[in-house]
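The next block holds one structure in the form of structure tokens; read it before the comments.
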Amino acid sequence: MFNEEKSLQIDEIRPTKFEDFYIVIRGNDKDLVELGGFHPIIVSNERLEHSQTLKELLQ
């Protein structure tokens with residue numbers, strides 16, 4: 001699984017209004033993860049800064 005490959009302890013996974021994006025809760029941290037490709041991708045802060053729509057998903 002994704003969390004095992006990345007050695008991440010995941011507390012919760014929440015869906016978003018977008019089909020391929022999920023919010024992953026890890027302790028006090030929240031990450032936006034894209035599952036639309038061949039491998040899950042944690043959306044980078046740089047990408048979030050350039051997309052107000054994606055940025056709003058974490059608020």
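Going through the structure tokens in order, the chains are called A, B, and so on, while each chain numbers its residues from 1 and the ligands are numbered from 1 in the order shown.
Shell of Ile13 in chain A at 10 Å, with only C-alpha atoms counted and residues fewer than 6 places along the chain excluded, is Tyr22, Ile23, Val24, Ile25, Arg26, Lys30, Asp31, Leu32 and Val33 of chain A.
Residues in contact with Ile41 in chain A at 12 Å, where only C-alpha atoms are counted and same-chain residues fewer than 2 positions away are skipped, are listed as Phe2, Asn3, Glu5, Lys6, Asp20, Phe21, Tyr22, Ile23, Val24, Asp31, Leu32, Val33, Glu34, Leu35, Gly36, Gly37, Phe38, His39, Val43, Ser44 and Arg47 of chain A.
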Could you write out the selected residues, including N, CA, C and O atoms, as a short mmCIF file (atom, residue, chain, number, x, y, z; two decimals), in the first residue's frame?
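Output file result.cif is given in full below:
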data_model
loop_
_atom_site.label_atom_id
_atom_site.label_comp_id
_atom_site.auth_asym_id
_atom_site.auth_seq_id
_atom_site.Cartn_x
_atom_site.Cartn_y
_atom_site.Cartn_z
N PHE A 2 0.25 2.35 -0.38
CA PHE A 2 0.96 3.63 -0.48
C PHE A 2 1.61 4.01 0.83
O PHE A 2 2.79 4.36 0.87
N ASN A 3 0.87 3.94 1.93
CA ASN A 3 1.43 4.36 3.22
C ASN A 3 2.59 3.48 3.65
O ASN A 3 3.53 3.94 4.27
N GLU A 5 4.68 1.90 1.53
CA GLU A 5 5.81 2.24 0.66
C GLU A 5 6.51 3.51 1.12
O GLU A 5 7.72 3.63 1.05
N LYS A 6 5.73 4.49 1.55
CA LYS A 6 6.28 5.77 1.98
C LYS A 6 6.63 5.78 3.46
O LYS A 6 7.06 6.79 3.98
N ASP A 20 -10.11 12.25 -8.11
CA ASP A 20 -8.79 11.63 -7.90
C ASP A 20 -8.00 12.18 -6.73
O ASP A 20 -6.85 11.80 -6.55
N PHE A 21 -8.58 13.05 -5.92
CA PHE A 21 -7.85 13.69 -4.84
C PHE A 21 -8.46 13.33 -3.49
O PHE A 21 -9.67 13.33 -3.32
N TYR A 22 -7.57 13.03 -2.54
CA TYR A 22 -7.99 12.66 -1.19
C TYR A 22 -7.13 13.41 -0.18
O TYR A 22 -5.96 13.70 -0.44
N ILE A 23 -7.70 13.70 0.97
CA ILE A 23 -6.96 14.33 2.07
C ILE A 23 -6.51 13.21 3.00
O ILE A 23 -7.32 12.40 3.44
N VAL A 24 -5.23 13.18 3.27
CA VAL A 24 -4.66 12.16 4.15
C VAL A 24 -4.23 12.86 5.43
O VAL A 24 -3.44 13.79 5.41
N ASP A 31 -2.18 16.11 4.12
CA ASP A 31 -1.61 16.11 2.78
C ASP A 31 -2.72 15.88 1.77
O ASP A 31 -3.69 15.16 2.05
N LEU A 32 -2.55 16.45 0.61
CA LEU A 32 -3.45 16.19 -0.50
C LEU A 32 -2.75 15.15 -1.38
O LEU A 32 -1.60 15.34 -1.77
N VAL A 33 -3.45 14.05 -1.65
CA VAL A 33 -2.87 12.96 -2.42
C VAL A 33 -3.69 12.76 -3.69
O VAL A 33 -4.92 12.70 -3.64
N GLU A 34 -2.99 12.67 -4.81
CA GLU A 34 -3.64 12.41 -6.10
C GLU A 34 -3.48 10.93 -6.43
O GLU A 34 -2.37 10.40 -6.44
N LEU A 35 -4.61 10.27 -6.68
CA LEU A 35 -4.59 8.84 -6.96
C LEU A 35 -4.95 8.53 -8.41
O LEU A 35 -5.23 7.39 -8.74
N GLY A 36 -4.95 9.51 -9.28
CA GLY A 36 -5.41 9.32 -10.65
C GLY A 36 -4.44 8.66 -11.59
O GLY A 36 -4.82 8.22 -12.66
N GLY A 37 -3.19 8.53 -11.23
CA GLY A 37 -2.20 7.95 -12.12
C GLY A 37 -1.86 6.53 -11.74
O GLY A 37 -2.61 5.84 -11.05
N PHE A 38 -0.69 6.10 -12.16
CA PHE A 38 -0.24 4.75 -11.84
C PHE A 38 0.24 4.63 -10.40
O PHE A 38 0.21 3.56 -9.81
N HIS A 39 0.73 5.74 -9.82
CA HIS A 39 1.23 5.74 -8.45
C HIS A 39 0.63 6.94 -7.72
O HIS A 39 0.53 8.02 -8.29
N VAL A 43 0.66 15.79 -3.28
CA VAL A 43 0.71 17.07 -4.00
C VAL A 43 1.68 18.00 -3.28
O VAL A 43 1.57 18.22 -2.07
N SER A 44 2.62 18.55 -4.03
CA SER A 44 3.66 19.41 -3.45
C SER A 44 3.10 20.77 -3.05
O SER A 44 2.09 21.23 -3.59
N ARG A 47 2.94 23.05 -6.05
CA ARG A 47 1.74 22.86 -6.89
C ARG A 47 0.51 23.47 -6.21
O ARG A 47 -0.34 24.05 -6.88
#
Mind checking which residues fall within 10 Å of Leu54 in chain A, counting only C-alpha atoms, ignoring those fewer than 2 positions away in the same chain, and posting them as an MDAnalysis selection string?
chainID A and resid 16 18 21 32 43 47:52 56:59
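Running DSSP on the backbone gives alpha helix (DSSP H) for these residues within range 12-59 of chain A: Asn45, Glu46, Arg47, Leu48, Glu49, His50, Gln52, Thr53, Leu54, Lys55, Glu56 and Leu57 of chain A.
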Members of range 10-43 of chain A assigned strand (DSSP E) by DSSP, as a PyMOL selection string:
chain A and resi 12-15+21-26+29-34+41-42
Please produce a file of the residues just selected, as a PDB file, in the first residue's frame, where the atoms kept are N, CA and C atoms.
ATOM      1  N   GLU A  12      -6.283   8.907   8.942  1.00  0.00           N
ATOM      2  CA  GLU A  12      -7.583   9.008   8.285  1.00  0.00           C
ATOM      3  C   GLU A  12      -7.393   9.420   6.828  1.00  0.00           C
ATOM      4  N   ILE A  13      -8.285   8.952   5.966  1.00  0.00           N
ATOM      5  CA  ILE A  13      -8.317   9.376   4.568  1.00  0.00           C
ATOM      6  C   ILE A  13      -9.713   9.910   4.297  1.00  0.00           C
ATOM      7  N   ARG A  14      -9.775  11.135   3.784  1.00  0.00           N
ATOM      8  CA  ARG A  14     -11.061  11.788   3.500  1.00  0.00           C
ATOM      9  C   ARG A  14     -11.185  12.061   2.002  1.00  0.00           C
ATOM     10  N   PRO A  15     -12.360  11.814   1.440  1.00  0.00           N
ATOM     11  CA  PRO A  15     -12.567  12.151   0.032  1.00  0.00           C
ATOM     12  C   PRO A  15     -12.697  13.662  -0.135  1.00  0.00           C
ATOM     13  N   PHE A  21      -8.580  13.048  -5.925  1.00  0.00           N
ATOM     14  CA  PHE A  21      -7.849  13.694  -4.841  1.00  0.00           C
ATOM     15  C   PHE A  21      -8.456  13.330  -3.494  1.00  0.00           C
ATOM     16  N   TYR A  22      -7.571  13.029  -2.541  1.00  0.00           N
ATOM     17  CA  TYR A  22      -7.988  12.663  -1.188  1.00  0.00           C
ATOM     18  C   TYR A  22      -7.127  13.409  -0.182  1.00  0.00           C
ATOM     19  N   ILE A  23      -7.702  13.704   0.973  1.00  0.00           N
ATOM     20  CA  ILE A  23      -6.963  14.335   2.066  1.00  0.00           C
ATOM     21  C   ILE A  23      -6.514  13.215   2.998  1.00  0.00           C
ATOM     22  N   VAL A  24      -5.227  13.175   3.265  1.00  0.00           N
ATOM     23  CA  VAL A  24      -4.657  12.162   4.147  1.00  0.00           C
ATOM     24  C   VAL A  24      -4.231  12.859   5.433  1.00  0.00           C
ATOM     25  N   ILE A  25      -4.788  12.405   6.538  1.00  0.00           N
ATOM     26  CA  ILE A  25      -4.499  12.967   7.861  1.00  0.00           C
ATOM     27  C   ILE A  25      -3.444  12.086   8.529  1.00  0.00           C
ATOM     28  N   ARG A  26      -2.357  12.739   8.965  1.00  0.00           N
ATOM     29  CA  ARG A  26      -1.261  12.048   9.670  1.00  0.00           C
ATOM     30  C   ARG A  26      -0.939  12.872  10.899  1.00  0.00           C
ATOM     31  N   ASP A  29      -0.824  16.724  10.688  1.00  0.00           N
ATOM     32  CA  ASP A  29      -0.538  17.109   9.304  1.00  0.00           C
ATOM     33  C   ASP A  29      -1.619  16.623   8.364  1.00  0.00           C
ATOM     34  N   LYS A  30      -1.868  17.409   7.317  1.00  0.00           N
ATOM     35  CA  LYS A  30      -2.795  17.036   6.257  1.00  0.00           C
ATOM     36  C   LYS A  30      -2.054  17.133   4.932  1.00  0.00           C
ATOM     37  N   ASP A  31      -2.183  16.106   4.116  1.00  0.00           N
ATOM     38  CA  ASP A  31      -1.608  16.109   2.777  1.00  0.00           C
ATOM     39  C   ASP A  31      -2.717  15.877   1.769  1.00  0.00           C
ATOM     40  N   LEU A  32      -2.553  16.454   0.609  1.00  0.00           N
ATOM     41  CA  LEU A  32      -3.446  16.189  -0.503  1.00  0.00           C
ATOM     42  C   LEU A  32      -2.754  15.152  -1.377  1.00  0.00           C
ATOM     43  N   VAL A  33      -3.448  14.051  -1.650  1.00  0.00           N
ATOM     44  CA  VAL A  33      -2.867  12.964  -2.424  1.00  0.00           C
ATOM     45  C   VAL A  33      -3.691  12.762  -3.687  1.00  0.00           C
ATOM     46  N   GLU A  34      -2.990  12.671  -4.811  1.00  0.00           N
ATOM     47  CA  GLU A  34      -3.637  12.411  -6.104  1.00  0.00           C
ATOM     48  C   GLU A  34      -3.480  10.931  -6.431  1.00  0.00           C
ATOM     49  N   ILE A  41       0.449  10.240  -5.605  1.00  0.00           N
ATOM     50  CA  ILE A  41       1.383  11.363  -5.524  1.00  0.00           C
ATOM     51  C   ILE A  41       0.916  12.307  -4.422  1.00  0.00           C
ATOM     52  N   ILE A  42       1.817  12.623  -3.484  1.00  0.00           N
ATOM     53  CA  ILE A  42       1.523  13.669  -2.506  1.00  0.00           C
ATOM     54  C   ILE A  42       1.713  14.996  -3.229  1.00  0.00           C
TER      55      ILE A  42
END
